[in-house]
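J.: Have a peek at query.txt (compact mmCIF, C-alpha atoms).
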```txt
# COMPACT_ATOMS: atom_id res chain seq x y z
CA MET A 18 86.44 101.15 120.97
CA THR A 19 89.46 99.09 121.89
CA GLU A 20 91.81 100.25 124.62
CA GLU A 21 94.42 101.06 121.99
CA ALA A 22 91.91 103.15 120.03
CA LEU A 23 90.88 104.97 123.23
CA ILE A 24 94.49 105.80 124.03
CA HIS A 25 95.16 106.94 120.48
CA GLY A 26 92.01 109.09 120.49
CA CYS A 27 92.87 110.65 123.85
CA LEU A 28 96.36 111.48 122.59
CA LYS A 29 94.65 113.46 119.82
CA SER A 30 92.35 115.15 122.39
CA ASP A 31 89.30 113.47 120.84
CA SER A 32 86.43 114.26 123.21
CA THR A 33 84.54 111.07 122.29
CA ALA A 34 87.54 108.90 123.18
CA GLN A 35 88.06 110.87 126.40
CA ARG A 36 84.41 110.41 127.38
CA GLU A 37 84.53 106.66 126.63
CA LEU A 38 87.76 106.25 128.58
CA TYR A 39 86.27 108.12 131.52
CA ASN A 40 83.05 106.08 131.40
CA LYS A 41 85.02 102.84 131.24
CA TYR A 42 87.35 103.48 134.17
CA SER A 43 85.63 106.05 136.39
CA PRO A 44 83.48 103.61 138.43
CA LYS A 45 86.53 101.63 139.60
CA MET A 46 88.59 104.77 140.15
CA LEU A 47 85.76 106.40 142.13
CA ALA A 48 85.91 103.41 144.50
CA VAL A 49 89.64 104.08 144.92
CA CYS A 50 89.01 107.77 145.64
CA TYR A 51 86.20 106.96 148.03
CA ARG A 52 88.55 104.98 150.26
CA PHE A 53 90.76 108.05 150.67
CA ALA A 54 88.08 110.76 150.80
CA HIS A 55 85.99 112.15 153.65
CA ASN A 56 82.76 111.85 151.67
CA ARG A 57 81.40 111.16 148.20
CA GLU A 58 81.74 114.80 147.08
CA ASP A 59 85.43 114.80 147.99
CA ALA A 60 85.86 111.46 146.19
CA GLU A 61 84.22 112.87 143.06
CA ASP A 62 86.49 115.93 143.20
CA MET A 63 89.53 113.66 143.52
CA LEU A 64 88.28 111.60 140.59
CA GLN A 65 87.82 114.66 138.38
CA GLU A 66 91.24 116.04 139.22
CA GLY A 67 92.76 112.60 138.69
CA PHE A 68 91.25 112.19 135.24
CA ILE A 69 92.43 115.64 134.22
CA LYS A 70 95.95 114.43 135.07
CA VAL A 71 95.34 111.18 133.18
CA PHE A 72 94.46 113.10 130.03
CA LEU A 73 97.35 115.54 130.46
CA GLN A 74 99.85 112.74 131.07
CA MET A 75 98.52 110.32 128.46
CA HIS A 76 101.67 110.81 126.38
CA THR A 77 103.75 109.29 129.21
CA PHE A 78 102.01 105.89 129.07
CA GLU A 79 104.63 103.55 127.64
CA ASN A 80 102.48 100.45 127.12
CA ARG A 81 104.35 98.62 129.90
CA GLY A 82 101.92 96.95 132.25
CA ALA A 83 98.19 97.39 132.39
CA PHE A 84 96.69 100.69 131.28
CA GLU A 85 94.17 100.48 134.12
CA GLY A 86 97.04 100.13 136.59
CA TRP A 87 98.68 103.23 135.12
CA ILE A 88 95.43 105.18 135.55
CA ARG A 89 95.01 103.86 139.09
CA ARG A 90 98.51 105.00 140.05
CA ILE A 91 97.74 108.54 138.85
CA ILE A 92 94.43 108.53 140.73
CA VAL A 93 96.08 107.32 143.96
CA HIS A 94 98.81 109.96 143.72
CA THR A 95 96.17 112.62 143.07
CA CYS A 96 94.26 111.53 146.18
CA ILE A 97 97.43 111.65 148.26
CA ASN A 98 98.40 115.08 146.95
CA ILE A 99 94.95 116.43 147.80
CA LEU A 100 95.15 114.92 151.28
CA LYS A 101 98.65 116.31 151.84
CA LYS A 102 97.34 119.81 151.14
CA ASN A 103 94.94 119.30 154.03
CA LYS A 104 96.48 120.45 157.32
CA LYS A 105 94.49 117.86 159.31
CA PHE A 106 96.14 115.08 157.31
CA ASN A 107 99.63 116.21 158.24
CA GLU A 108 98.65 116.37 161.90
CA SER A 109 96.93 112.98 161.89
CA VAL A 110 99.88 111.09 160.39
CA ASP A 111 101.95 111.94 163.45
CA MET A 112 99.28 111.49 166.14
CA ILE A 113 98.81 108.27 168.07
CA HIS A 114 95.11 107.48 167.97
CA ALA A 115 95.11 103.86 169.09
CA THR A 116 96.64 103.92 172.55
CA GLY A 117 95.68 100.86 174.50
CA VAL A 118 94.41 98.93 171.47
CA GLN A 119 95.42 95.29 171.57
CA ILE A 120 96.93 94.08 168.34
CA ARG A 121 95.98 90.59 167.27
CA GLU A 122 98.12 89.77 164.23
CA GLU A 123 96.39 86.44 163.61
CA SER A 124 93.01 88.13 163.44
CA VAL A 125 92.64 89.97 160.20
CA PRO A 126 89.11 90.86 159.46
CA ALA A 127 86.52 86.62 155.86
CA ILE A 128 83.34 87.03 154.15
CA ILE A 129 82.16 90.58 154.70
CA GLN A 130 80.36 92.77 152.28
CA ALA A 131 82.77 95.21 150.68
CA LYS A 132 80.62 98.24 151.35
CA GLN A 133 80.62 97.58 155.10
CA VAL A 134 84.38 97.18 155.17
CA VAL A 135 84.97 100.34 153.16
CA GLU A 136 82.69 102.26 155.54
CA CYS A 137 84.65 100.92 158.50
CA ILE A 138 87.96 101.85 156.86
CA ARG A 139 86.61 105.34 156.31
CA MET A 140 86.01 105.61 160.06
CA LEU A 141 89.76 105.41 160.70
CA PRO A 142 91.68 108.63 161.33
CA MET A 143 92.92 110.07 158.05
CA GLY A 144 96.59 109.11 158.55
CA TYR A 145 95.76 105.53 159.45
CA ARG A 146 93.27 105.21 156.61
CA THR A 147 95.77 106.55 154.09
CA VAL A 148 98.59 104.21 155.11
CA LEU A 149 96.22 101.22 155.27
CA ASN A 150 94.90 102.00 151.78
CA LEU A 151 98.36 102.47 150.32
CA TYR A 152 99.91 99.38 151.91
CA ALA A 153 97.15 96.77 152.13
CA ILE A 154 94.99 97.73 149.17
CA GLU A 155 97.20 99.55 146.67
CA GLY A 156 100.29 97.42 147.36
CA TYR A 157 102.87 100.10 148.08
CA SER A 158 105.82 99.22 150.31
CA HIS A 159 106.42 101.08 153.56
CA ARG A 160 109.45 102.71 151.96
CA GLU A 161 107.32 103.97 149.05
CA ILE A 162 104.64 105.20 151.45
CA ALA A 163 107.25 107.04 153.49
CA ASN A 164 108.49 108.78 150.33
CA ILE A 165 104.99 109.63 149.11
CA LEU A 166 103.80 110.99 152.46
CA GLY A 167 107.07 112.52 153.60
CA ILE A 168 107.24 110.42 156.78
CA GLU A 169 109.67 107.89 158.23
CA GLU A 170 109.37 104.27 157.12
CA SER A 171 108.90 103.26 160.78
CA THR A 172 106.00 105.71 161.03
CA SER A 173 104.34 104.03 158.05
CA ARG A 174 104.76 100.62 159.70
CA SER A 175 103.36 101.77 163.03
CA GLN A 176 100.45 103.61 161.36
CA TYR A 177 99.60 100.42 159.45
CA THR A 178 99.76 98.26 162.59
CA ARG A 179 97.57 100.68 164.51
CA ALA A 180 95.17 101.00 161.57
CA LYS A 181 94.70 97.22 161.41
CA ALA A 182 94.05 97.05 165.15
CA MET A 183 91.63 99.96 165.07
CA LEU A 184 89.83 98.52 162.03
CA GLU A 185 89.45 95.20 163.80
CA ASN A 186 87.92 96.92 166.83
CA ILE A 187 85.51 98.88 164.62
CA LEU A 188 84.48 95.67 162.86
CA ILE A 189 83.87 94.01 166.22
CA ARG A 190 81.89 96.98 167.60
CA ARG A 191 79.72 97.09 164.50
CA ARG A 192 79.17 93.33 164.81
CA ILE A 193 80.64 92.69 161.39
CA LEU A 194 83.37 90.68 163.06
CA ASN A 195 81.82 88.66 165.90
CA LYS A 196 84.81 87.37 167.79
CA PRO A 197 88.27 88.84 168.24
CA LYS A 198 89.82 85.60 166.94
CA GLN A 199 87.45 85.17 163.97
CA GLU A 200 89.39 85.36 160.74
CA VAL A 201 87.80 87.56 158.13
CA ASN A 202 89.40 88.48 154.85
CA TRP A 203 88.52 92.19 154.80
CA LEU A 204 91.14 92.90 152.14
CA ALA A 205 89.51 90.51 149.66
CA ALA A 206 86.15 92.14 150.37
CA VAL A 207 87.53 95.61 149.69
CA ASN A 208 89.27 94.54 146.48
CA GLN A 209 85.96 93.24 145.14
CA SER A 210 84.48 96.73 145.35
```
Starting from the file, give its structure as structure tokens.

T.:
Amino acid sequence: MTEEALIHGCLKSDSTAQRELYNKYSPKMLAVCYRFAHNREDAEDMLQEGFIKVFLQMHTFENRGAFEGWIRRIIVHTCINILKKNKKFNESVDMIHATGVQIREESVPAIIQAKQVVECIRMLPMGYRTVLNLYAIEGYSHREIANILGIEESTSRSQYTRAKAMLENILIRRRILNKPKQEVNWLAAVNQS
């Protein structure tokens, strides 16, 4: 089925079209959920809830931009809404977890396997992980992140800076990144997943 046929079928609540659409996009969207979730079960729950919203909101897709991007945006917002319901998330966005961490702007973690990087990102405190995912991976601006999470724009910036520093230290401790000055493109590795 073509993408257009899948959309048309889903608009008519055709279960075959819905199943095909889910099968086509769920692996990539599960990877998105996994970066936000505590574990695979939580990621699968986020994915299911996200696809329910995709099917319910299908009539709002206006054929502007990529359909996959439209789905991804719904999935990301679903993940964020689930996290915001979690009291620990609200506490972690405001906490300072990286006191004393040296920030090395020129050292951004280059050829690492995506799975290792994602696991290291998942080791970050929830607030840091969320801002890092939204800014560096999903491409939201700090202003958009502030609006989505209900925080100040400056908080988003500081969370991102601390998340990068903490991620770098995790990569070094796990011997994925050997030297503090070694340049590694962790973002490219994650986007390949």

J.: Would you mind listing what lies within 7 Å of range 83-98 of chain A as a PyMOL selection string, with all atoms listed in the file counted and same-chain residues fewer than 5 positions away left out?

T.: chain A and resi 46+50+53+63-64+67+71

J.: Which one of A:Thr19, A:Thr147, A:Ser171, A:Thr77 sits closest to Leu100 in chain A if you count all atoms listed in the file?

T.: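 Closest residue, counting all atoms listed in the file: A:Thr147.
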
J.: For the atom pair CA of Lys70 in chain A and CA of Cys27 in chain A, what is the interatomic distance in Å to one decimal place?

T.: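 Atom-to-atom, CA of Lys70 in chain A to CA of Cys27 in chain A, that is 12.2 Å.
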
J.: Taking (81.1, 108.4, 138.1) in the coordinates of the supplied file, I want to know which residues reach to within 12 Å of it, counting all atoms listed in the file; could you give the answer as a PyMOL selection string?

T.: chain A and resi 36+38-51+57-58+60-65+68

J.: For a quick check of understanding, using all atoms listed in the file, which of A:Ser158, A:Gln74, A:Asn56, A:Asn164 has the smallest distance to Ser30 in chain A?

T.: A:Gln74

J.: Taking only C-alpha atoms into account, name the residue in A:Lys102, A:Arg139, A:Gly82, A:Tyr177 that is nearest to Tyr157 in chain A.

T.: A:Tyr177

J.: Which one is closest to Ser173 in chain A: A:Leu149, A:Val134, A:Ile99, A:Leu28? Count all atoms listed in the file.

T.: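 Counting all atoms listed in the file, the residue closest to Ser173 in chain A is A:Leu149.
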
J.: Could you tell me how far CA of Met75 in chain A sits from CA of Ile24 in chain A, in Å to one decimal place?

T.: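 Going from CA of Ile24 in chain A over to CA of Met75 in chain A covers 7.5 Å.
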
J.: Tell me, as a ChimeraX atom specification, which residues lie within 8 Å of Gln176 in chain A, counting all atoms listed in the file; anything in the same chain fewer than 2 positions away does not count.

T.: /A:110,144-145,148-149,172-174,178-180

J.: Mind pulling up the distance from CA of Gly156 in chain A to CA of Lys101 in chain A?

T.: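 If I compute the distance from CA of Lys101 in chain A to CA of Gly156 in chain A, I get 19.5 Å.
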
J.: Neighbours of Arg191 in chain A within 10 Å (only C-alpha atoms; same-chain residues fewer than 6 positions away dropped), as a list in words?

T.: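 The residues that qualify are Gln133, Cys137 and Glu185 of chain A.
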
J.: Just the selected residues (C-alpha atoms), exported as an mmCIF file, in the frame of the given file, please.

T.:
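As written to disk, again00.cif reads:
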```
data_model
loop_
_atom_site.group_PDB
_atom_site.id
_atom_site.type_symbol
_atom_site.label_atom_id
_atom_site.label_comp_id
_atom_site.auth_asym_id
_atom_site.auth_seq_id
_atom_site.Cartn_x
_atom_site.Cartn_y
_atom_site.Cartn_z
ATOM 1 C CA GLN A 133 80.620 97.580 155.100
ATOM 2 C CA CYS A 137 84.650 100.920 158.500
ATOM 3 C CA GLU A 185 89.450 95.200 163.800
#
```

J.: Between A:Ile168, A:Ile189, A:Ala153, A:Leu141, which residue has the minimum interatomic distance to Ala54 in chain A, considering all atoms listed in the file?

T.: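 Counting all atoms listed in the file, the residue closest to Ala54 in chain A is A:Leu141.
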
J.: My list of candidates is A:Arg52, A:Asp59, A:Lys29, A:Gly167. Which is closest to His76 in chain A when distances are computed with only C-alpha atoms?

T.: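 Smallest separation from His76 in chain A among the options: A:Lys29.
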